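Written out below as structure tokens is the structure these notes cover.
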Amino acid sequence: LVAGEIPRRMGSDHPNVAPYGTVYNTKHKHKDMILAVGTDAQFQQLCRVLNEYCVDDDDDEESLSLLWNDERFKTNTMRVQHNDALKVHLQRAIGKIERNELLSRLNEASVPAGAVRTMDEVFGLPGVKESMVLEGQLPNGDTIRGVRAISFVDSSPLPSLHHYHHDDTNMKVSTRSPAVVVSPPPHLDQHRDEILK
């Protein structure tokens, strides 16, 4: 609209920041993670953390220790222009590291990153299923399930909050909402008479 060009498909990548939004595979398949590196200082810290894990591999040691000095990746603008090459370097390193261990180190280094979880991982976190899954009954007696709407809050203490901390997760889920009645979608014409009154 503004530039007069049709944007290319980028998936979850950010169009103006790199590395930001790309999903990377870690050492254990289906244990993905995402980076949200928004500054040059964060990128330098990312390279330092990854280099800690790649010192046994001569190729990666050289490329990662010098990655932040490579002209193609020195600034965010350059990283965006050379994002495809950057992703190759990062995936090679991240693919050798266990997800929770890497996320813990990135957190210590103040590098924004997070786990990309499957639904079974999400509902397997302590307390999530109990607080998030709502159940109701269909007219025929079958059970219907839904997911409670949640709100994330800052770290200030509030009443009626459950606090979860699991590996790289630190979130508060508000359960102050009134009781929710879970009902199934209506059958065709189920509420017809009520609506037409």
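Labeling convention for the structure tokens: chains A, B, ... as they appear, residues from 1 per chain, ligands from 1 in order of appearance.
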Set the distance at 12 Å and use only C-alpha atoms: which residues neighbour Asp84 in chain A once local chain neighbours fewer than 6 positions away are removed? I'd like the list as a PDB file with N, CA and C atoms, in the first residue's frame.
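Once everything was written out, this is result-v6.pdb:
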ATOM      1  N   MET A  10       6.165 -14.235   4.650  1.00  0.00           N
ATOM      2  CA  MET A  10       7.265 -14.322   5.603  1.00  0.00           C
ATOM      3  C   MET A  10       6.968 -15.260   6.760  1.00  0.00           C
ATOM      4  N   ASP A  13       8.157 -14.492  10.571  1.00  0.00           N
ATOM      5  CA  ASP A  13       9.286 -13.556  10.601  1.00  0.00           C
ATOM      6  C   ASP A  13       8.798 -12.111  10.650  1.00  0.00           C
ATOM      7  N   ALA A  18      15.614  -8.641  12.619  1.00  0.00           N
ATOM      8  CA  ALA A  18      16.143 -10.002  12.474  1.00  0.00           C
ATOM      9  C   ALA A  18      17.272 -10.230  13.483  1.00  0.00           C
ATOM     10  N   PRO A  19      17.329 -11.403  14.063  1.00  0.00           N
ATOM     11  CA  PRO A  19      16.385 -12.517  13.964  1.00  0.00           C
ATOM     12  C   PRO A  19      15.193 -12.294  14.897  1.00  0.00           C
ATOM     13  N   THR A  22      11.405 -16.103  13.683  1.00  0.00           N
ATOM     14  CA  THR A  22      11.687 -17.382  13.043  1.00  0.00           C
ATOM     15  C   THR A  22      11.616 -18.499  14.069  1.00  0.00           C
ATOM     16  N   ARG A  72      27.621  -8.462   7.114  1.00  0.00           N
ATOM     17  CA  ARG A  72      26.242  -8.815   6.752  1.00  0.00           C
ATOM     18  C   ARG A  72      25.313  -8.817   7.950  1.00  0.00           C
ATOM     19  N   PHE A  73      25.857  -8.953   9.167  1.00  0.00           N
ATOM     20  CA  PHE A  73      25.016  -9.102  10.357  1.00  0.00           C
ATOM     21  C   PHE A  73      25.308  -8.066  11.438  1.00  0.00           C
ATOM     22  N   MET A  78      21.261  -4.659   8.200  1.00  0.00           N
ATOM     23  CA  MET A  78      22.020  -5.642   7.423  1.00  0.00           C
ATOM     24  C   MET A  78      21.521  -7.063   7.695  1.00  0.00           C
ATOM     25  N   LEU A  90      22.212 -19.653  12.405  1.00  0.00           N
ATOM     26  CA  LEU A  90      21.536 -19.835  13.692  1.00  0.00           C
ATOM     27  C   LEU A  90      20.947 -21.231  13.826  1.00  0.00           C
ATOM     28  N   GLN A  91      20.318 -21.733  12.774  1.00  0.00           N
ATOM     29  CA  GLN A  91      19.721 -23.072  12.851  1.00  0.00           C
ATOM     30  C   GLN A  91      20.788 -24.140  13.080  1.00  0.00           C
TER      31      GLN A  91
END
Residues near Val122 in chain A, cut-off 12 Å, only C-alpha atoms, skip fewer than 4 positions along chain, as JSON, numbers by chain = {"A": [115, 116, 117, 118, 126, 127, 128, 129, 130, 132, 133, 147, 164, 166, 169]}
Next, write the just-selected residues to a file, as a PDB file, in the first residue's frame, keeping C-alpha atoms as the atom set.
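part.pdb written:
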ATOM      1  CA  ALA A 115       9.443 -22.096  23.569  1.00  0.00           C
ATOM      2  CA  VAL A 116       7.020 -22.944  20.794  1.00  0.00           C
ATOM      3  CA  ARG A 117       4.869 -25.563  22.475  1.00  0.00           C
ATOM      4  CA  THR A 118       2.536 -28.200  21.155  1.00  0.00           C
ATOM      5  CA  PRO A 126       1.433 -27.636  36.061  1.00  0.00           C
ATOM      6  CA  GLY A 127      -2.004 -26.183  36.812  1.00  0.00           C
ATOM      7  CA  VAL A 128      -2.821 -25.144  33.245  1.00  0.00           C
ATOM      8  CA  LYS A 129      -5.348 -27.884  32.508  1.00  0.00           C
ATOM      9  CA  GLU A 130      -7.114 -27.358  35.842  1.00  0.00           C
ATOM     10  CA  MET A 132      -7.880 -23.393  31.608  1.00  0.00           C
ATOM     11  CA  VAL A 133     -10.142 -26.244  30.511  1.00  0.00           C
ATOM     12  CA  VAL A 147     -10.718 -23.169  26.822  1.00  0.00           C
ATOM     13  CA  TYR A 164       3.003 -20.895  37.327  1.00  0.00           C
ATOM     14  CA  HIS A 166       7.869 -24.197  34.689  1.00  0.00           C
ATOM     15  CA  THR A 169       7.540 -20.256  31.591  1.00  0.00           C
TER      16      THR A 169
END
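Within 10 Å of Gly38 in chain A, once only C-alpha atoms are used and residues closer than 3 positions along the same chain are dropped, the contacting residues are Asn16, Val17, Ala18, Pro19, Tyr20, Leu35, Ala41, Gln42, Phe43, Asn76, Val111 and Pro112 of chain A.
Closest to Arg79 in chain A among A:Pro7, A:Pro15, A:Pro186, A:Gly141 is A:Pro15, based on only C-alpha atoms.
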Could you tell me, as a ChimeraX atom specification, which residues of range 4-154 of chain A DSSP assigns to strand (DSSP E) when given the backbone?
-> /A:20-25,32-36,113-116,133-137,143-147
Nearest candidate to Gly21 in chain A (options A:Asn83, A:Thr143, A:Gln137, A:Asn107; using only C-alpha atoms) | A:Asn83
Quick one: distance from CA of Asp32 in chain A to CA of Gly114 in chain A in Å, one decimal?
-> 8.9 Å
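When only C-alpha atoms are used to compute distances to Gln190 in chain A, the closest of the residues A:Pro139, A:Ile144, A:Lys29, A:Gln45 turns out to be A:Pro139.
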Nearest residue to Ala109 in chain A from the set A:Ala36, A:Ala3, A:Leu188, A:Leu46 (distances using only C-alpha atoms) | A:Leu46
What's the 8 Å shell around range 92-100 of chain A, counting only C-alpha atoms, without same-chain residues fewer than 5 positions away, as a VMD selection string?
-> chain A and resid 24 to 28 31 to 33 50 53 to 54 60 115 167 to 168
Given the selection you just returned, output its residues as a file containing N, CA and C atoms, formatted as an mmCIF file, in the first residue's frame.
data_model
loop_
_atom_site.group_PDB
_atom_site.id
_atom_site.type_symbol
_atom_site.label_atom_id
_atom_site.label_comp_id
_atom_site.auth_asym_id
_atom_site.auth_seq_id
_atom_site.Cartn_x
_atom_site.Cartn_y
_atom_site.Cartn_z
ATOM 1 N N TYR A 24 12.904 -22.018 15.259
ATOM 2 C CA TYR A 24 14.093 -22.852 15.092
ATOM 3 C C TYR A 24 13.881 -24.208 15.757
ATOM 4 N N ASN A 25 14.417 -25.256 15.128
ATOM 5 C CA ASN A 25 14.393 -26.592 15.702
ATOM 6 C C ASN A 25 15.583 -26.734 16.636
ATOM 7 N N THR A 26 15.339 -27.275 17.831
ATOM 8 C CA THR A 26 16.429 -27.516 18.771
ATOM 9 C C THR A 26 16.880 -28.967 18.654
ATOM 10 N N LYS A 27 17.752 -29.376 19.557
ATOM 11 C CA LYS A 27 18.367 -30.701 19.497
ATOM 12 C C LYS A 27 17.339 -31.822 19.446
ATOM 13 N N HIS A 28 16.293 -31.713 20.256
ATOM 14 C CA HIS A 28 15.249 -32.737 20.270
ATOM 15 C C HIS A 28 14.135 -32.308 19.328
ATOM 16 N N LYS A 31 10.780 -29.838 19.590
ATOM 17 C CA LYS A 31 10.995 -28.956 20.736
ATOM 18 C C LYS A 31 11.529 -27.649 20.171
ATOM 19 N N ASP A 32 10.632 -26.894 19.540
ATOM 20 C CA ASP A 32 11.030 -25.694 18.816
ATOM 21 C C ASP A 32 11.110 -24.481 19.738
ATOM 22 N N MET A 33 11.749 -23.449 19.224
ATOM 23 C CA MET A 33 11.848 -22.189 19.956
ATOM 24 C C MET A 33 11.823 -21.035 18.960
ATOM 25 N N LEU A 50 25.382 -18.837 21.964
ATOM 26 C CA LEU A 50 25.468 -19.954 21.024
ATOM 27 C C LEU A 50 26.899 -20.442 20.878
ATOM 28 N N TYR A 53 28.185 -23.206 23.176
ATOM 29 C CA TYR A 53 27.797 -24.581 22.887
ATOM 30 C C TYR A 53 28.488 -25.145 21.650
ATOM 31 N N CYS A 54 29.128 -24.301 20.879
ATOM 32 C CA CYS A 54 29.670 -24.746 19.590
ATOM 33 C C CYS A 54 31.189 -24.756 19.560
ATOM 34 N N ASP A 60 31.596 -23.985 13.326
ATOM 35 C CA ASP A 60 30.641 -23.144 14.042
ATOM 36 C C ASP A 60 31.339 -22.185 14.992
ATOM 37 N N ALA A 115 9.766 -20.774 24.100
ATOM 38 C CA ALA A 115 9.443 -22.096 23.569
ATOM 39 C C ALA A 115 8.205 -22.001 22.685
ATOM 40 N N ASP A 167 10.146 -24.392 33.925
ATOM 41 C CA ASP A 167 11.278 -24.221 33.019
ATOM 42 C C ASP A 167 11.353 -22.769 32.555
ATOM 43 N N ASP A 168 11.021 -22.509 31.297
ATOM 44 C CA ASP A 168 11.144 -21.164 30.749
ATOM 45 C C ASP A 168 9.833 -20.384 30.822
#
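Here the question is which of A:Thr75, A:Pro185, A:Asn51, A:Ile6 gets nearest to Gly136 in chain A using only C-alpha atoms, and that residue is A:Pro185.
Counting from CA of Val49 in chain A, the distance to CA of Trp68 in chain A is 12.1 Å.
CA of Asp40 in chain A sits 10.9 Å away from CA of Asn69 in chain A.
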Excluding same-chain residues fewer than 4 positions from His187 in chain A, what lies within 12 Å of it counting only C-alpha atoms, as a PDB file with N, CA and C atoms, in the first residue's frame?
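Writing done, so here's result05.pdb:
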ATOM      1  N   LEU A 138     -23.655 -31.687  26.931  1.00  0.00           N
ATOM      2  CA  LEU A 138     -24.565 -31.591  25.798  1.00  0.00           C
ATOM      3  C   LEU A 138     -25.917 -32.147  26.227  1.00  0.00           C
ATOM      4  N   PRO A 139     -26.993 -31.806  25.533  1.00  0.00           N
ATOM      5  CA  PRO A 139     -28.315 -32.335  25.897  1.00  0.00           C
ATOM      6  C   PRO A 139     -28.359 -33.866  25.924  1.00  0.00           C
ATOM      7  N   SER A 183     -21.470 -24.074  26.738  1.00  0.00           N
ATOM      8  CA  SER A 183     -22.601 -24.693  26.046  1.00  0.00           C
ATOM      9  C   SER A 183     -22.188 -24.995  24.610  1.00  0.00           C
ATOM     10  N   HIS A 191     -33.084 -22.661  18.612  1.00  0.00           N
ATOM     11  CA  HIS A 191     -33.601 -21.500  19.337  1.00  0.00           C
ATOM     12  C   HIS A 191     -34.545 -20.656  18.479  1.00  0.00           C
ATOM     13  N   ARG A 192     -35.042 -21.228  17.443  1.00  0.00           N
ATOM     14  CA  ARG A 192     -35.889 -20.512  16.491  1.00  0.00           C
ATOM     15  C   ARG A 192     -37.081 -19.833  17.146  1.00  0.00           C
TER      16      ARG A 192
END
